[in-house]
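Here is the file entry00.cif (mmCIF, N, CA and C atoms and all ligand atoms).
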data_input
#
loop_
_atom_site.group_PDB
_atom_site.id
_atom_site.type_symbol
_atom_site.label_atom_id
_atom_site.label_comp_id
_atom_site.auth_asym_id
_atom_site.auth_seq_id
_atom_site.Cartn_x
_atom_site.Cartn_y
_atom_site.Cartn_z
ATOM 1 N N MET A 247 10.847 8.655 15.010
ATOM 2 C CA MET A 247 10.281 7.297 15.100
ATOM 3 C C MET A 247 8.762 7.347 14.882
ATOM 4 N N ASN A 248 8.286 6.455 14.065
ATOM 5 C CA ASN A 248 6.842 6.326 13.895
ATOM 6 C C ASN A 248 6.244 5.521 15.036
ATOM 7 N N ALA A 249 5.020 5.823 15.370
ATOM 8 C CA ALA A 249 4.296 4.945 16.283
ATOM 9 C C ALA A 249 4.100 3.602 15.595
ATOM 10 N N PRO A 250 4.075 2.533 16.371
ATOM 11 C CA PRO A 250 3.859 1.237 15.726
ATOM 12 C C PRO A 250 2.509 1.195 15.018
ATOM 13 N N CYS A 251 2.491 0.550 13.856
ATOM 14 C CA CYS A 251 1.255 0.455 13.078
ATOM 15 C C CYS A 251 0.525 -0.823 13.445
ATOM 16 N N GLU A 252 -0.725 -0.701 13.769
ATOM 17 C CA GLU A 252 -1.520 -1.879 14.132
ATOM 18 C C GLU A 252 -2.534 -2.236 13.062
ATOM 19 N N HIS A 253 -2.475 -1.545 11.936
ATOM 20 C CA HIS A 253 -3.477 -1.788 10.896
ATOM 21 C C HIS A 253 -3.346 -3.156 10.240
ATOM 22 N N PHE A 254 -2.151 -3.766 10.329
ATOM 23 C CA PHE A 254 -1.957 -5.059 9.669
ATOM 24 C C PHE A 254 -2.267 -6.242 10.585
ATOM 25 N N VAL A 255 -2.487 -5.946 11.869
ATOM 26 C CA VAL A 255 -2.731 -7.014 12.830
ATOM 27 C C VAL A 255 -4.055 -7.717 12.526
ATOM 28 N N GLY A 256 -3.983 -9.020 12.331
ATOM 29 C CA GLY A 256 -5.197 -9.795 12.099
ATOM 30 C C GLY A 256 -5.835 -9.539 10.747
ATOM 31 N N LEU A 257 -5.097 -8.890 9.867
ATOM 32 C CA LEU A 257 -5.670 -8.510 8.573
ATOM 33 C C LEU A 257 -5.837 -9.720 7.655
ATOM 34 N N VAL A 258 -6.997 -9.825 7.040
ATOM 35 C CA VAL A 258 -7.196 -10.760 5.936
ATOM 36 C C VAL A 258 -7.256 -9.904 4.679
ATOM 37 N N PRO A 259 -6.183 -9.872 3.889
ATOM 38 C CA PRO A 259 -6.131 -8.913 2.783
ATOM 39 C C PRO A 259 -7.195 -9.185 1.732
ATOM 40 N N ALA A 260 -7.863 -8.133 1.275
ATOM 41 C CA ALA A 260 -8.836 -8.247 0.193
ATOM 42 C C ALA A 260 -8.101 -8.437 -1.129
ATOM 43 N N GLU A 261 -8.715 -9.195 -2.019
ATOM 44 C CA GLU A 261 -8.153 -9.354 -3.356
ATOM 45 C C GLU A 261 -8.400 -8.076 -4.161
ATOM 46 N N PRO A 262 -7.437 -7.655 -4.975
ATOM 47 C CA PRO A 262 -7.658 -6.480 -5.834
ATOM 48 C C PRO A 262 -8.871 -6.684 -6.735
ATOM 49 N N THR A 263 -9.676 -5.658 -6.901
ATOM 50 C CA THR A 263 -10.914 -5.769 -7.673
ATOM 51 C C THR A 263 -10.747 -5.329 -9.121
ATOM 52 N N ALA A 264 -9.546 -4.901 -9.500
ATOM 53 C CA ALA A 264 -9.331 -4.404 -10.861
ATOM 54 C C ALA A 264 -7.866 -4.586 -11.230
ATOM 55 N N THR A 265 -7.562 -4.422 -12.492
ATOM 56 C CA THR A 265 -6.170 -4.462 -12.941
ATOM 57 C C THR A 265 -5.763 -3.128 -13.560
ATOM 58 N N VAL A 266 -6.627 -2.140 -13.381
ATOM 59 C CA VAL A 266 -6.340 -0.778 -13.847
ATOM 60 C C VAL A 266 -6.803 0.182 -12.762
ATOM 61 N N CYS A 267 -6.403 1.446 -12.850
ATOM 62 C CA CYS A 267 -7.009 2.463 -11.995
ATOM 63 C C CYS A 267 -8.265 2.952 -12.701
ATOM 64 N N GLU A 268 -9.403 2.478 -12.253
ATOM 65 C CA GLU A 268 -10.646 2.763 -12.978
ATOM 66 C C GLU A 268 -10.980 4.255 -12.965
ATOM 67 N N GLN A 269 -10.608 4.942 -11.892
ATOM 68 C CA GLN A 269 -10.877 6.387 -11.846
ATOM 69 C C GLN A 269 -10.042 7.130 -12.880
ATOM 70 N N CYS A 270 -8.800 6.686 -13.082
ATOM 71 C CA CYS A 270 -7.976 7.304 -14.131
ATOM 72 C C CYS A 270 -8.523 6.971 -15.513
ATOM 73 N N VAL A 271 -8.984 5.741 -15.695
ATOM 74 C CA VAL A 271 -9.566 5.362 -16.981
ATOM 75 C C VAL A 271 -10.744 6.273 -17.292
ATOM 76 N N GLU A 272 -11.580 6.507 -16.287
ATOM 77 C CA GLU A 272 -12.737 7.390 -16.485
ATOM 78 C C GLU A 272 -12.327 8.806 -16.867
ATOM 79 N N LEU A 273 -11.223 9.255 -16.252
ATOM 80 C CA LEU A 273 -10.755 10.619 -16.518
ATOM 81 C C LEU A 273 -9.950 10.712 -17.808
ATOM 82 N N GLY A 274 -9.571 9.534 -18.343
ATOM 83 C CA GLY A 274 -8.698 9.537 -19.509
ATOM 84 C C GLY A 274 -7.257 9.849 -19.162
ATOM 85 N N ASP A 275 -6.887 9.651 -17.881
ATOM 86 C CA ASP A 275 -5.526 9.918 -17.431
ATOM 87 C C ASP A 275 -4.721 8.639 -17.347
ATOM 88 N N ARG A 276 -3.415 8.791 -17.214
ATOM 89 C CA ARG A 276 -2.529 7.653 -17.063
ATOM 90 C C ARG A 276 -2.005 7.613 -15.636
ATOM 91 N N TRP A 277 -1.496 6.459 -15.248
ATOM 92 C CA TRP A 277 -0.916 6.316 -13.913
ATOM 93 C C TRP A 277 0.478 5.732 -14.051
ATOM 94 N N VAL A 278 1.210 5.748 -12.945
ATOM 95 C CA VAL A 278 2.580 5.224 -12.952
ATOM 96 C C VAL A 278 2.586 3.798 -12.409
ATOM 97 N N HIS A 279 2.094 3.618 -11.187
ATOM 98 C CA HIS A 279 2.022 2.289 -10.582
ATOM 99 C C HIS A 279 0.650 2.102 -9.946
ATOM 100 N N LEU A 280 0.292 0.841 -9.754
ATOM 101 C CA LEU A 280 -1.010 0.540 -9.152
ATOM 102 C C LEU A 280 -0.849 0.004 -7.738
ATOM 103 N N ARG A 281 -1.767 0.422 -6.873
ATOM 104 C CA ARG A 281 -1.834 -0.034 -5.486
ATOM 105 C C ARG A 281 -3.249 -0.538 -5.231
ATOM 106 N N ALA A 282 -3.372 -1.520 -4.339
ATOM 107 C CA ALA A 282 -4.693 -2.049 -4.015
ATOM 108 C C ALA A 282 -4.945 -1.885 -2.526
ATOM 109 N N CYS A 283 -6.143 -1.441 -2.184
ATOM 110 C CA CYS A 283 -6.554 -1.331 -0.785
ATOM 111 C C CYS A 283 -6.651 -2.736 -0.200
ATOM 112 N N LEU A 284 -6.035 -2.931 0.965
ATOM 113 C CA LEU A 284 -6.042 -4.260 1.589
ATOM 114 C C LEU A 284 -7.348 -4.527 2.323
ATOM 115 N N ILE A 285 -8.142 -3.504 2.532
ATOM 116 C CA ILE A 285 -9.382 -3.670 3.282
ATOM 117 C C ILE A 285 -10.552 -3.997 2.352
ATOM 118 N N CYS A 286 -10.651 -3.289 1.206
ATOM 119 C CA CYS A 286 -11.782 -3.527 0.314
ATOM 120 C C CYS A 286 -11.371 -3.935 -1.095
ATOM 121 N N GLY A 287 -10.074 -3.896 -1.411
ATOM 122 C CA GLY A 287 -9.612 -4.342 -2.719
ATOM 123 C C GLY A 287 -9.650 -3.272 -3.796
ATOM 124 N N ALA A 288 -10.071 -2.063 -3.446
ATOM 125 C CA ALA A 288 -10.124 -0.990 -4.449
ATOM 126 C C ALA A 288 -8.727 -0.711 -4.992
ATOM 127 N N VAL A 289 -8.641 -0.560 -6.305
ATOM 128 C CA VAL A 289 -7.350 -0.320 -6.950
ATOM 129 C C VAL A 289 -7.223 1.156 -7.287
ATOM 130 N N GLY A 290 -6.083 1.723 -6.944
ATOM 131 C CA GLY A 290 -5.828 3.131 -7.255
ATOM 132 C C GLY A 290 -4.381 3.326 -7.636
ATOM 133 N N CYS A 291 -4.066 4.523 -8.110
ATOM 134 C CA CYS A 291 -2.715 4.782 -8.584
ATOM 135 C C CYS A 291 -1.852 5.376 -7.474
ATOM 136 N N CYS A 292 -0.532 5.250 -7.661
ATOM 137 C CA CYS A 292 0.437 5.581 -6.619
ATOM 138 C C CYS A 292 0.669 7.089 -6.510
ATOM 139 N N ASP A 293 1.489 7.474 -5.538
ATOM 140 C CA ASP A 293 1.772 8.890 -5.305
ATOM 141 C C ASP A 293 2.607 9.517 -6.417
ATOM 142 N N ALA A 294 3.256 8.715 -7.224
ATOM 143 C CA ALA A 294 4.009 9.268 -8.356
ATOM 144 C C ALA A 294 3.084 9.563 -9.531
ATOM 145 N N SER A 295 1.839 9.116 -9.435
ATOM 146 C CA SER A 295 0.869 9.338 -10.500
ATOM 147 C C SER A 295 0.210 10.700 -10.311
ATOM 148 N N LYS A 296 -0.321 11.230 -11.400
ATOM 149 C CA LYS A 296 -0.925 12.567 -11.370
ATOM 150 C C LYS A 296 -2.081 12.635 -10.381
ATOM 151 N N ASN A 297 -2.913 11.596 -10.343
ATOM 152 C CA ASN A 297 -4.163 11.680 -9.573
ATOM 153 C C ASN A 297 -4.103 11.058 -8.175
ATOM 154 N N ARG A 298 -3.091 10.266 -7.907
ATOM 155 C CA ARG A 298 -2.892 9.696 -6.563
ATOM 156 C C ARG A 298 -4.164 9.088 -5.988
ATOM 157 N N HIS A 299 -4.798 8.226 -6.757
ATOM 158 C CA HIS A 299 -6.089 7.703 -6.313
ATOM 159 C C HIS A 299 -5.985 6.758 -5.112
ATOM 160 N N ALA A 300 -4.853 6.095 -4.936
ATOM 161 C CA ALA A 300 -4.713 5.236 -3.750
ATOM 162 C C ALA A 300 -4.731 6.098 -2.487
ATOM 163 N N ARG A 301 -4.011 7.216 -2.533
ATOM 164 C CA ARG A 301 -3.999 8.125 -1.384
ATOM 165 C C ARG A 301 -5.378 8.753 -1.182
ATOM 166 N N LYS A 302 -6.035 9.103 -2.282
ATOM 167 C CA LYS A 302 -7.374 9.697 -2.157
ATOM 168 C C LYS A 302 -8.363 8.704 -1.560
ATOM 169 N N HIS A 303 -8.182 7.417 -1.857
ATOM 170 C CA HIS A 303 -9.045 6.395 -1.273
ATOM 171 C C HIS A 303 -8.923 6.428 0.252
ATOM 172 N N TRP A 304 -7.687 6.571 0.731
ATOM 173 C CA TRP A 304 -7.474 6.692 2.174
ATOM 174 C C TRP A 304 -8.136 7.975 2.693
ATOM 175 N N GLU A 305 -7.905 9.080 2.012
ATOM 176 C CA GLU A 305 -8.446 10.363 2.484
ATOM 177 C C GLU A 305 -9.974 10.369 2.458
ATOM 178 N N ASN A 306 -10.561 9.769 1.443
ATOM 179 C CA ASN A 306 -12.020 9.836 1.283
ATOM 180 C C ASN A 306 -12.747 8.713 2.013
ATOM 181 N N ILE A 307 -12.177 7.513 1.992
ATOM 182 C CA ILE A 307 -12.865 6.342 2.534
ATOM 183 C C ILE A 307 -12.321 5.965 3.909
ATOM 184 N N GLY A 308 -11.061 6.318 4.160
ATOM 185 C CA GLY A 308 -10.481 6.034 5.462
ATOM 186 C C GLY A 308 -9.799 4.684 5.575
ATOM 187 N N HIS A 309 -9.546 4.028 4.438
ATOM 188 C CA HIS A 309 -8.797 2.769 4.457
ATOM 189 C C HIS A 309 -7.318 3.097 4.272
ATOM 190 N N PRO A 310 -6.490 2.935 5.311
ATOM 191 C CA PRO A 310 -5.115 3.451 5.219
ATOM 192 C C PRO A 310 -4.102 2.485 4.613
ATOM 193 N N ILE A 311 -4.429 1.206 4.476
ATOM 194 C CA ILE A 311 -3.382 0.255 4.089
ATOM 195 C C ILE A 311 -3.583 -0.268 2.672
ATOM 196 N N ILE A 312 -2.471 -0.286 1.962
ATOM 197 C CA ILE A 312 -2.464 -0.697 0.555
ATOM 198 C C ILE A 312 -1.326 -1.683 0.332
ATOM 199 N N ARG A 313 -1.373 -2.377 -0.791
ATOM 200 C CA ARG A 313 -0.201 -3.128 -1.240
ATOM 201 C C ARG A 313 0.062 -2.747 -2.681
ATOM 202 N N SER A 314 1.307 -2.977 -3.077
ATOM 203 C CA SER A 314 1.624 -2.802 -4.490
ATOM 204 C C SER A 314 1.086 -4.001 -5.251
ATOM 205 N N ILE A 315 0.470 -3.743 -6.409
ATOM 206 C CA ILE A 315 0.103 -4.872 -7.260
ATOM 207 C C ILE A 315 0.900 -4.831 -8.566
ATOM 208 N N GLU A 316 2.047 -4.167 -8.513
ATOM 209 C CA GLU A 316 2.970 -4.256 -9.638
ATOM 210 C C GLU A 316 3.582 -5.646 -9.658
ATOM 211 N N PRO A 317 3.830 -6.196 -10.851
ATOM 212 C CA PRO A 317 4.398 -7.551 -10.936
ATOM 213 C C PRO A 317 5.685 -7.669 -10.125
ATOM 214 N N GLY A 318 5.754 -8.709 -9.305
ATOM 215 C CA GLY A 318 6.959 -8.952 -8.519
ATOM 216 C C GLY A 318 7.048 -8.155 -7.234
ATOM 217 N N GLU A 319 6.100 -7.274 -6.986
ATOM 218 C CA GLU A 319 6.129 -6.464 -5.760
ATOM 219 C C GLU A 319 5.040 -6.930 -4.804
ATOM 220 N N THR A 320 5.394 -7.093 -3.537
ATOM 221 C CA THR A 320 4.402 -7.542 -2.555
ATOM 222 C C THR A 320 4.374 -6.645 -1.320
ATOM 223 N N TRP A 321 5.148 -5.573 -1.348
ATOM 224 C CA TRP A 321 5.185 -4.744 -0.135
ATOM 225 C C TRP A 321 3.842 -4.072 0.122
ATOM 226 N N LYS A 322 3.645 -3.803 1.400
ATOM 227 C CA LYS A 322 2.420 -3.142 1.842
ATOM 228 C C LYS A 322 2.798 -1.826 2.504
ATOM 229 N N PHE A 323 1.841 -0.909 2.582
ATOM 230 C CA PHE A 323 2.137 0.411 3.127
ATOM 231 C C PHE A 323 0.930 0.936 3.882
ATOM 232 N N CYS A 324 1.185 1.593 4.996
ATOM 233 C CA CYS A 324 0.127 2.250 5.752
ATOM 234 C C CYS A 324 0.293 3.758 5.613
ATOM 235 N N PHE A 325 -0.674 4.422 4.991
ATOM 236 C CA PHE A 325 -0.613 5.878 4.822
ATOM 237 C C PHE A 325 -0.626 6.585 6.167
ATOM 238 N N GLU A 326 -1.453 6.079 7.065
ATOM 239 C CA GLU A 326 -1.642 6.766 8.334
ATOM 240 C C GLU A 326 -0.356 6.778 9.156
ATOM 241 N N ASP A 327 0.312 5.641 9.216
ATOM 242 C CA ASP A 327 1.507 5.523 10.043
ATOM 243 C C ASP A 327 2.796 5.632 9.233
ATOM 244 N N MET A 328 2.679 5.696 7.909
ATOM 245 C CA MET A 328 3.828 5.741 7.004
ATOM 246 C C MET A 328 4.801 4.588 7.288
ATOM 247 N N VAL A 329 4.225 3.403 7.365
ATOM 248 C CA VAL A 329 4.989 2.200 7.664
ATOM 249 C C VAL A 329 4.949 1.273 6.458
ATOM 250 N N VAL A 330 6.097 0.754 6.071
ATOM 251 C CA VAL A 330 6.151 -0.253 5.002
ATOM 252 C C VAL A 330 6.255 -1.632 5.640
ATOM 253 N N GLU A 331 5.434 -2.554 5.157
ATOM 254 C CA GLU A 331 5.465 -3.944 5.624
ATOM 255 C C GLU A 331 5.928 -4.819 4.473
ATOM 256 N N ARG A 332 6.814 -5.765 4.731
ATOM 257 C CA ARG A 332 7.290 -6.646 3.657
ATOM 258 C C ARG A 332 6.948 -8.085 3.944
HETATM 259 ZN ZN ZN B 1 -1.139 1.834 10.275
HETATM 260 ZN ZN ZN B 2 -5.772 6.863 -10.668
HETATM 261 ZN ZN ZN B 3 -10.560 0.373 0.659
#

Rewrite the structure of this file - the entire thing - as structure tokens.
Ligand SMILES: [Zn+2]
Ligand SMILES: [Zn+2]
Ligand SMILES: [Zn+2]
Amino acid sequence: MNAPCEHFVGLVPAEPTATVCEQCVELGDRWVHLRACLICGAVGCCDASKNRHARKHWENIGHPIIRSIEPGETWKFCFEDMVVER
């Protein structure tokens, strides 16, 4: 059992700031899916992508919660607690 996640409590989600993974664009790499940080709106690529920039954003910046910005997807995820919110 995971501990309950409190990262979504009272959250006002930030709007995504990009429609691409800008770090991958800079590297000339491709990504699989895009995720957006709910705290600052930074866009990064998913764990199935080579560079995992969404996860690195959590590791480097400490923002644990993301949402999918793939068309038709609205689920959210907390890296720290490994909790999916729908
Ligand atoms: Zn959490
Ligand atoms: Zn990336
Ligand atoms: Zn962030």

Next on the checklist: Under the PyMOL selection byres (((chain A and resi 305-322 and name CA) around 9) and not hetatm and name CA), which residues of this model are included? Write them out as a list in words.
Outcome noted: His253, Phe254, Pro262, Thr265, His279, Leu280, Arg281, Ala282, Cys283, Leu284, Ile285, Cys286, Gly287, Val289, Cys292, Ala300, Arg301, Lys302, His303, Trp304, Phe323, Cys324, Phe325, Glu326, Asp327, Val329, Val330, Glu331 and Arg332 of chain A

Checklist entry - For the file shown, what are the residues hit by the PyMOL selection byres (((chain A and resi 276) around 8) and not hetatm), laid out as an NGL selection string? => result :A and (270-271 or 273-275 or 277-279 or 291 or 295-297)

Checklist entry - DSSP says strand (DSSP E) for which residues of segment 286-331 of chain A? Put them as a ChimeraX atom specification? => result /A:289-291,311-314,322-324,329-331

Those selected residues, please, written with N, CA and C atoms and delivered as a CSV table (one decimal), in the frame of the given file.
chain,number,residue,atom,x,y,z
A,289,VAL,N,-8.6,-0.6,-6.3
A,289,VAL,CA,-7.4,-0.3,-7.0
A,289,VAL,C,-7.2,1.2,-7.3
A,290,GLY,N,-6.1,1.7,-6.9
A,290,GLY,CA,-5.8,3.1,-7.3
A,290,GLY,C,-4.4,3.3,-7.6
A,291,CYS,N,-4.1,4.5,-8.1
A,291,CYS,CA,-2.7,4.8,-8.6
A,291,CYS,C,-1.9,5.4,-7.5
A,311,ILE,N,-4.4,1.2,4.5
A,311,ILE,CA,-3.4,0.3,4.1
A,311,ILE,C,-3.6,-0.3,2.7
A,312,ILE,N,-2.5,-0.3,2.0
A,312,ILE,CA,-2.5,-0.7,0.6
A,312,ILE,C,-1.3,-1.7,0.3
A,313,ARG,N,-1.4,-2.4,-0.8
A,313,ARG,CA,-0.2,-3.1,-1.2
A,313,ARG,C,0.1,-2.7,-2.7
A,314,SER,N,1.3,-3.0,-3.1
A,314,SER,CA,1.6,-2.8,-4.5
A,314,SER,C,1.1,-4.0,-5.3
A,322,LYS,N,3.6,-3.8,1.4
A,322,LYS,CA,2.4,-3.1,1.8
A,322,LYS,C,2.8,-1.8,2.5
A,323,PHE,N,1.8,-0.9,2.6
A,323,PHE,CA,2.1,0.4,3.1
A,323,PHE,C,0.9,0.9,3.9
A,324,CYS,N,1.2,1.6,5.0
A,324,CYS,CA,0.1,2.2,5.8
A,324,CYS,C,0.3,3.8,5.6
A,329,VAL,N,4.2,3.4,7.4
A,329,VAL,CA,5.0,2.2,7.7
A,329,VAL,C,4.9,1.3,6.5
A,330,VAL,N,6.1,0.8,6.1
A,330,VAL,CA,6.2,-0.3,5.0
A,330,VAL,C,6.3,-1.6,5.6
A,331,GLU,N,5.4,-2.6,5.2
A,331,GLU,CA,5.5,-3.9,5.6
A,331,GLU,C,5.9,-4.8,4.5

Would you compute the box with edges along x, y and z of the file around segment 300-305 of chain A, including every atom the file lists for it and 8 Å extra on each side, and give its centre and edge lengths in Å to one decimal, as AutoDock Vina command-line options?
--center_x -7.0 --center_y 7.8 --center_z -1.1 --size_x 22.0 --size_y 21.1 --size_z 23.6

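Taking atom N of Ala294 of chain A as the reference point, atom C of Ala260 of chain A is found at 21.5 Å.
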
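If you measure from each of A:Met328, A:Cys267, A:Leu257, A:Ala288 to ligand ZN 3 (chain B) using all atoms listed in the file, the closest one turns out to be A:Ala288.
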
Checklist entry - What is the distance, in Å and to one decimal place, between atom C of Val266 of chain A and atom CA of Asp293 of chain A? => result 14.3 Å

Checklist entry - What is the atom N of Glu252 of chain A-atom N of Glu268 of chain A distance in Å, reported with one decimal? => result 27.6 Å
